[in-house]
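A.B. asks: Dropping in target_5.csv, which is CSV, N, CA and C atoms:
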chain,number,residue,atom,x,y,z
A,22,MET,N,-2.4,1.4,-1.6
A,22,MET,CA,-1.8,0.1,-1.8
A,22,MET,C,-2.9,-1.0,-1.8
A,23,PRO,N,-2.9,-1.9,-2.8
A,23,PRO,CA,-4.0,-2.9,-2.9
A,23,PRO,C,-3.7,-3.9,-1.8
A,24,PRO,N,-4.8,-4.7,-1.5
A,24,PRO,CA,-4.7,-5.7,-0.4
A,24,PRO,C,-4.0,-6.9,-0.9
A,25,ALA,N,-3.9,-7.1,-2.2
A,25,ALA,CA,-3.2,-8.3,-2.8
A,25,ALA,C,-1.7,-8.1,-2.6
A,26,PRO,N,-1.0,-9.2,-2.1
A,26,PRO,CA,0.4,-9.1,-1.9
A,26,PRO,C,1.2,-9.0,-3.3
A,27,ALA,N,2.1,-8.1,-3.4
A,27,ALA,CA,2.8,-7.9,-4.6
A,27,ALA,C,3.6,-9.1,-5.1
A,28,LYS,N,4.1,-9.9,-4.2
A,28,LYS,CA,4.8,-11.1,-4.5
A,28,LYS,C,4.0,-12.4,-4.5
A,29,LYS,N,2.6,-12.2,-4.4
A,29,LYS,CA,1.7,-13.3,-4.4
A,29,LYS,C,2.1,-14.3,-3.4
A,30,LEU,N,2.6,-13.9,-2.2
A,30,LEU,CA,3.1,-14.7,-1.2
A,30,LEU,C,2.4,-14.6,0.1
A,31,ALA,N,2.2,-15.7,0.8
A,31,ALA,CA,1.7,-15.7,2.2
A,31,ALA,C,2.7,-16.4,3.1
A,32,VAL,N,3.0,-15.9,4.3
A,32,VAL,CA,3.9,-16.6,5.2
A,32,VAL,C,3.2,-16.9,6.5
A,33,VAL,N,3.3,-18.1,6.9
A,33,VAL,CA,2.8,-18.5,8.3
A,33,VAL,C,4.1,-18.6,9.2
A,34,ALA,N,4.1,-17.8,10.2
A,34,ALA,CA,5.3,-17.7,11.1
A,34,ALA,C,4.9,-17.6,12.5
A,35,CYS,N,5.8,-17.8,13.4
A,35,CYS,CA,5.7,-17.7,14.8
A,35,CYS,C,5.6,-16.2,15.2
A,36,MET,N,4.9,-15.9,16.3
A,36,MET,CA,4.8,-14.5,16.7
A,36,MET,C,6.0,-14.0,17.5
A,37,ASP,N,7.0,-14.9,17.7
A,37,ASP,CA,8.2,-14.6,18.5
A,37,ASP,C,8.8,-13.2,18.0
A,38,ALA,N,9.0,-12.3,18.9
A,38,ALA,CA,9.5,-11.0,18.5
A,38,ALA,C,10.9,-11.0,17.8
A,39,ARG,N,11.6,-12.1,18.0
A,39,ARG,CA,12.9,-12.2,17.3
A,39,ARG,C,12.8,-12.6,15.8
A,40,ILE,N,11.6,-12.9,15.4
A,40,ILE,CA,11.4,-13.4,14.0
A,40,ILE,C,10.9,-12.2,13.2
A,41,ASN,N,11.8,-11.5,12.5
A,41,ASN,CA,11.4,-10.4,11.6
A,41,ASN,C,11.2,-11.0,10.2
A,42,VAL,N,10.0,-11.5,9.9
A,42,VAL,CA,9.8,-12.2,8.6
A,42,VAL,C,10.2,-11.3,7.4
A,43,GLU,N,9.9,-10.1,7.4
A,43,GLU,CA,10.2,-9.2,6.3
A,43,GLU,C,11.7,-9.2,6.1
A,44,ARG,N,12.5,-9.0,7.1
A,44,ARG,CA,14.0,-8.9,7.0
A,44,ARG,C,14.5,-10.2,6.6
A,45,ILE,N,14.1,-11.3,7.2
A,45,ILE,CA,14.6,-12.6,6.9
A,45,ILE,C,14.4,-13.0,5.4
A,46,LEU,N,13.2,-12.7,4.9
A,46,LEU,CA,12.9,-13.0,3.5
A,46,LEU,C,13.1,-11.9,2.5
A,47,GLY,N,13.6,-10.8,3.0
A,47,GLY,CA,13.9,-9.7,2.1
A,47,GLY,C,12.7,-9.1,1.5
A,48,LEU,N,11.6,-9.0,2.3
A,48,LEU,CA,10.4,-8.4,1.8
A,48,LEU,C,10.2,-6.9,2.1
A,49,GLU,N,9.5,-6.3,1.3
A,49,GLU,CA,9.1,-4.9,1.5
A,49,GLU,C,7.6,-4.8,1.9
A,50,GLU,N,7.2,-3.7,2.4
A,50,GLU,CA,5.8,-3.5,2.7
A,50,GLU,C,5.0,-3.8,1.5
A,51,GLY,N,3.9,-4.6,1.7
A,51,GLY,CA,3.0,-4.9,0.6
A,51,GLY,C,3.4,-6.1,-0.2
A,52,ASP,N,4.5,-6.7,0.1
A,52,ASP,CA,5.0,-7.9,-0.7
A,52,ASP,C,4.2,-9.2,-0.3
A,53,ALA,N,3.8,-9.3,0.9
A,53,ALA,CA,3.3,-10.6,1.4
A,53,ALA,C,2.3,-10.4,2.5
A,54,HIS,N,1.4,-11.4,2.6
A,54,HIS,CA,0.5,-11.5,3.8
A,54,HIS,C,1.3,-12.3,4.8
A,55,VAL,N,1.4,-11.8,6.0
A,55,VAL,CA,2.1,-12.5,7.1
A,55,VAL,C,1.1,-12.9,8.1
A,56,ILE,N,1.0,-14.2,8.4
A,56,ILE,CA,0.1,-14.7,9.4
A,56,ILE,C,0.9,-15.3,10.5
A,57,ARG,N,0.7,-14.7,11.7
A,57,ARG,CA,1.5,-15.1,12.9
A,57,ARG,C,0.7,-15.6,14.0
A,58,ASN,N,1.2,-16.6,14.7
A,58,ASN,CA,0.7,-17.1,16.0
A,58,ASN,C,1.8,-17.8,16.7
A,59,ALA,N,1.5,-18.2,17.9
A,59,ALA,CA,2.5,-18.9,18.8
A,59,ALA,C,2.8,-20.2,18.1
A,60,GLY,N,4.1,-20.4,17.7
A,60,GLY,CA,4.6,-21.6,17.2
A,60,GLY,C,4.3,-21.8,15.7
A,61,ALA,N,3.7,-20.9,15.0
A,61,ALA,CA,3.3,-21.0,13.6
A,61,ALA,C,2.4,-22.3,13.4
A,62,VAL,N,1.5,-22.5,14.4
A,62,VAL,CA,0.6,-23.7,14.3
A,62,VAL,C,-0.5,-23.4,13.3
A,63,VAL,N,-0.7,-24.4,12.5
A,63,VAL,CA,-1.7,-24.4,11.4
A,63,VAL,C,-3.1,-24.6,12.1
A,64,THR,N,-3.8,-23.6,12.5
A,64,THR,CA,-5.1,-23.7,13.1
A,64,THR,C,-6.2,-23.4,12.1
A,65,HIS,N,-7.4,-23.5,12.5
A,65,HIS,CA,-8.5,-23.1,11.6
A,65,HIS,C,-8.4,-21.6,11.2
A,66,ASP,N,-8.0,-20.8,12.1
A,66,ASP,CA,-7.9,-19.3,11.8
A,66,ASP,C,-6.8,-19.1,10.8
A,67,VAL,N,-5.7,-19.9,10.9
A,67,VAL,CA,-4.6,-19.8,9.8
A,67,VAL,C,-5.2,-20.2,8.5
A,68,LYS,N,-5.9,-21.3,8.5
A,68,LYS,CA,-6.4,-21.8,7.2
A,68,LYS,C,-7.4,-20.8,6.6
A,69,ARG,N,-8.2,-20.2,7.5
A,69,ARG,CA,-9.2,-19.2,7.0
A,69,ARG,C,-8.4,-18.0,6.4
A,70,SER,N,-7.4,-17.6,7.1
A,70,SER,CA,-6.6,-16.4,6.6
A,70,SER,C,-5.9,-16.8,5.3
A,71,LEU,N,-5.5,-18.0,5.1
A,71,LEU,CA,-4.8,-18.4,3.9
A,71,LEU,C,-5.9,-18.5,2.7
A,72,GLU,N,-7.1,-18.9,3.0
A,72,GLU,CA,-8.2,-18.9,2.0
A,72,GLU,C,-8.4,-17.5,1.5
A,73,ALA,N,-8.5,-16.5,2.5
A,73,ALA,CA,-8.7,-15.1,2.1
A,73,ALA,C,-7.5,-14.6,1.3
A,74,SER,N,-6.3,-15.0,1.7
A,74,SER,CA,-5.1,-14.5,1.0
A,74,SER,C,-5.1,-15.1,-0.4
A,75,ARG,N,-5.5,-16.3,-0.6
A,75,ARG,CA,-5.5,-16.9,-1.9
A,75,ARG,C,-6.6,-16.3,-2.8
A,76,SER,N,-7.7,-15.9,-2.2
A,76,SER,CA,-8.7,-15.2,-3.0
A,76,SER,C,-8.3,-13.9,-3.5
A,77,LEU,N,-7.2,-13.3,-2.8
A,77,LEU,CA,-6.6,-12.0,-3.3
A,77,LEU,C,-5.4,-12.2,-4.2
A,78,GLY,N,-5.2,-13.5,-4.6
A,78,GLY,CA,-4.1,-13.7,-5.6
A,78,GLY,C,-2.9,-14.4,-5.1
A,79,THR,N,-2.8,-14.7,-3.8
A,79,THR,CA,-1.6,-15.4,-3.3
A,79,THR,C,-1.5,-16.8,-4.0
A,80,ASP,N,-0.4,-17.2,-4.4
A,80,ASP,CA,-0.2,-18.5,-5.0
A,80,ASP,C,1.0,-19.2,-4.4
A,81,GLN,N,1.7,-18.6,-3.4
A,81,GLN,CA,2.8,-19.3,-2.7
A,81,GLN,C,2.6,-19.1,-1.2
A,82,VAL,N,3.0,-20.2,-0.5
A,82,VAL,CA,3.0,-20.1,1.0
A,82,VAL,C,4.3,-20.6,1.5
A,83,ILE,N,4.8,-19.9,2.5
A,83,ILE,CA,6.0,-20.4,3.2
A,83,ILE,C,5.5,-20.6,4.7
A,84,VAL,N,5.9,-21.7,5.2
A,84,VAL,CA,5.7,-22.0,6.7
A,84,VAL,C,7.1,-21.9,7.3
A,85,MET,N,7.2,-20.9,8.2
A,85,MET,CA,8.5,-20.6,8.9
A,85,MET,C,8.5,-21.0,10.4
A,86,LEU,N,9.2,-22.0,10.7
A,86,LEU,CA,9.4,-22.3,12.2
A,86,LEU,C,10.7,-21.8,12.5
A,87,HIS,N,11.1,-21.8,13.8
A,87,HIS,CA,12.4,-21.3,14.2
A,87,HIS,C,12.9,-22.1,15.5
A,88,THR,N,14.2,-22.0,15.6
A,88,THR,CA,14.9,-22.7,16.7
A,88,THR,C,14.6,-21.9,18.0
A,89,ASP,N,14.8,-22.5,19.1
A,89,ASP,CA,14.6,-21.9,20.4
A,89,ASP,C,13.2,-21.3,20.6
A,90,CYS,N,12.2,-22.1,20.1
A,90,CYS,CA,10.8,-21.7,20.2
A,90,CYS,C,10.2,-22.1,21.5
A,91,GLY,N,9.4,-21.3,22.1
A,91,GLY,CA,8.7,-21.6,23.3
A,91,GLY,C,7.6,-22.5,23.2
A,92,VAL,N,7.1,-22.8,22.0
A,92,VAL,CA,5.9,-23.6,21.7
A,92,VAL,C,6.4,-25.0,21.1
A,93,ARG,N,7.3,-24.9,20.2
A,93,ARG,CA,7.7,-26.1,19.5
A,93,ARG,C,9.1,-26.6,19.9
A,94,SER,N,9.3,-27.9,19.9
A,94,SER,CA,10.7,-28.4,20.2
A,94,SER,C,10.8,-29.7,19.3
A,95,GLY,N,11.9,-30.4,19.5
A,95,GLY,CA,12.1,-31.6,18.7
A,95,GLY,C,12.6,-31.4,17.3
A,96,ASP,N,12.2,-32.2,16.4
A,96,ASP,CA,12.6,-32.1,15.0
A,96,ASP,C,11.8,-31.0,14.3
A,97,LEU,N,12.4,-29.9,14.2
A,97,LEU,CA,11.7,-28.7,13.6
A,97,LEU,C,11.5,-28.9,12.1
A,98,ASP,N,12.5,-29.5,11.4
A,98,ASP,CA,12.3,-29.8,10.0
A,98,ASP,C,11.1,-30.6,9.7
A,99,ALA,N,10.9,-31.7,10.5
A,99,ALA,CA,9.7,-32.6,10.3
A,99,ALA,C,8.5,-31.8,10.7
A,100,ALA,N,8.5,-31.0,11.7
A,100,ALA,CA,7.3,-30.2,12.1
A,100,ALA,C,6.9,-29.2,11.0
A,101,ALA,N,7.9,-28.6,10.4
A,101,ALA,CA,7.7,-27.6,9.3
A,101,ALA,C,7.1,-28.4,8.1
A,102,ARG,N,7.6,-29.5,7.8
A,102,ARG,CA,7.0,-30.3,6.7
A,102,ARG,C,5.6,-30.7,7.0
A,103,GLU,N,5.3,-31.1,8.2
A,103,GLU,CA,3.9,-31.5,8.6
A,103,GLU,C,3.0,-30.3,8.5
A,104,ALA,N,3.5,-29.1,8.9
A,104,ALA,CA,2.6,-27.9,8.8
A,104,ALA,C,2.4,-27.6,7.4
A,105,ALA,N,3.4,-27.7,6.6
A,105,ALA,CA,3.2,-27.4,5.1
A,105,ALA,C,2.3,-28.4,4.5
A,106,ALA,N,2.3,-29.6,4.9
A,106,ALA,CA,1.4,-30.7,4.3
A,106,ALA,C,0.0,-30.4,4.7
A,107,GLU,N,-0.2,-29.9,6.0
A,107,GLU,CA,-1.5,-29.6,6.5
A,107,GLU,C,-2.1,-28.4,5.7
A,108,ILE,N,-1.3,-27.5,5.3
A,108,ILE,CA,-1.7,-26.4,4.5
A,108,ILE,C,-2.1,-26.8,3.1
A,109,GLY,N,-1.2,-27.7,2.5
A,109,GLY,CA,-1.5,-28.3,1.2
A,109,GLY,C,-0.9,-27.4,0.1
A,110,GLY,N,-1.2,-27.8,-1.1
A,110,GLY,CA,-0.6,-27.1,-2.2
A,110,GLY,C,0.9,-27.2,-2.3
A,111,ASP,N,1.5,-26.2,-2.6
A,111,ASP,CA,3.0,-26.2,-2.7
A,111,ASP,C,3.6,-25.4,-1.5
A,112,ALA,N,3.0,-25.5,-0.3
A,112,ALA,CA,3.6,-24.7,0.8
A,112,ALA,C,5.0,-25.2,1.1
A,113,ARG,N,5.9,-24.2,1.3
A,113,ARG,CA,7.3,-24.5,1.4
A,113,ARG,C,7.7,-24.4,2.9
A,114,PRO,N,8.2,-25.5,3.5
A,114,PRO,CA,8.6,-25.5,4.9
A,114,PRO,C,10.0,-25.0,5.0
A,115,VAL,N,10.2,-24.1,6.0
A,115,VAL,CA,11.6,-23.6,6.3
A,115,VAL,C,11.7,-23.4,7.8
A,116,VAL,N,13.0,-23.4,8.2
A,116,VAL,CA,13.3,-23.2,9.6
A,116,VAL,C,14.4,-22.1,9.7
A,117,TYR,N,14.1,-21.2,10.6
A,117,TYR,CA,15.0,-20.1,10.9
A,117,TYR,C,15.8,-20.3,12.2
A,118,ASP,N,17.1,-20.2,12.1
A,118,ASP,CA,18.0,-20.4,13.3
A,118,ASP,C,18.2,-19.0,13.9
A,119,VAL,N,17.6,-18.8,15.1
A,119,VAL,CA,17.7,-17.5,15.7
A,119,VAL,C,19.1,-17.1,16.2
A,120,GLU,N,19.9,-18.1,16.4
A,120,GLU,CA,21.3,-17.9,16.8
A,120,GLU,C,22.2,-17.5,15.6
A,121,THR,N,22.2,-18.2,14.6
A,121,THR,CA,23.0,-17.9,13.4
A,121,THR,C,22.4,-17.0,12.4
A,122,ARG,N,21.0,-16.8,12.6
A,122,ARG,CA,20.2,-15.9,11.7
A,122,ARG,C,20.2,-16.5,10.2
A,123,GLU,N,20.3,-17.8,10.1
A,123,GLU,CA,20.2,-18.5,8.8
A,123,GLU,C,18.9,-19.2,8.7
A,124,LEU,N,18.4,-19.1,7.4
A,124,LEU,CA,17.2,-19.8,7.0
A,124,LEU,C,17.5,-21.0,6.2
A,125,ARG,N,16.9,-22.1,6.6
A,125,ARG,CA,17.1,-23.4,5.8
A,125,ARG,C,15.8,-24.0,5.3
A,126,ASP,N,15.9,-24.6,4.2
A,126,ASP,CA,14.8,-25.3,3.6
A,126,ASP,C,14.6,-26.6,4.4
A,127,ALA,N,13.4,-26.8,4.8
A,127,ALA,CA,13.1,-28.0,5.6
A,127,ALA,C,12.5,-29.1,4.8
A,128,GLY,N,12.3,-28.9,3.5
A,128,GLY,CA,11.7,-29.8,2.6
A,128,GLY,C,12.5,-30.9,2.3
What is this file in structure tokens?

C.D. replies:
Amino acid sequence: MPPAPAKKLAVVACMDARINVERILGLEEGDAHVIRNAGAVVTHDVKRSLEASRSLGTDQVIVMLHTDCGVRSGDLDAAAREAAAEIGGDARPVVYDVETRELRDAG
């Protein structure tokens, strides 16, 4: 399997064990690069990983925050938009509700 993601997608998400990025987004093995850390915070490491992902053909980025997060609180939609803006390009901000298991666009 090549290192380039089949769907040319990278996802920045929280490391919370309740967040199964592949299931939530309907992805299969090899479809996307998934970059996880506590709170899906856009750090220098995340940016470096996205640069590497883009060099392998990624042209879409999703930033996924979630409810009931141990790191983030407050207006999650605004936080997701801010994280997407920090990444730049056409990064898409979304929020996953861990209780209802619904994903919403935060843009």

A.B. asks: Have a look at A:His65, A:Lys28, A:His87, A:Arg39 and name the one nearest to Val115 of chain A; count all atoms listed in the file.

C.D. replies: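 Nearest candidate to Val115 of chain A out of A:His65, A:Lys28, A:His87, A:Arg39: A:His87.
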
A.B. asks: Which residue is closest to Ala105 of chain A? Choose from A:Ile45, A:Ala34, A:Val92, A:Val84 and count all atoms listed in the file.

C.D. replies: A:Val84

A.B. asks: Out of A:Glu43, A:Val33, A:Leu71, A:Asp80, which residue has the shortest atom-to-atom distance to Asn58 of chain A when counting only C-alpha atoms?

C.D. replies: A:Val33

A.B. asks: Between atom N of Glu50 of chain A and atom CA of Ser76 of chain A, measure the distance and give it in Å to one decimal.

C.D. replies: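 Interatomic distance here is 20.4 Å.
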
A.B. asks: What lies within 8 Å of Val63 of chain A using only N, CA and C atoms, ignoring chain neighbours under 6 positions off, as a list in words?

C.D. replies: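 Neighbouring residues, sequence-local ones excluded: Ala104, Ala105, Glu107 and Ile108 of chain A.
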
A.B. asks: Which value, in Å to one decimal, gives the distance between atom CA of His54 of chain A and atom CA of Ala100 of chain A?

C.D. replies: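 Computed distance, atom CA of His54 of chain A to atom CA of Ala100 of chain A, equals 21.6 Å.
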
A.B. asks: Looking at only N, CA and C atoms, which of A:Pro26, A:Val67, A:Val119, A:Gln81 is the one that sits closest to Ile40 of chain A?

C.D. replies: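 With only N, CA and C atoms as the atom set, the closest residue is A:Val119.
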
A.B. asks: Which residue, A:Leu86, A:Ile56, A:Leu46, A:Ala27, has the smallest gap to Ser70 of chain A when you use only N, CA and C atoms?

C.D. replies: A:Ile56

A.B. asks: Would you compute the distance between atom N of Lys29 of chain A and atom CA of Gly60 of chain A? Give it in Å to one decimal.

C.D. replies: 23.6 Å
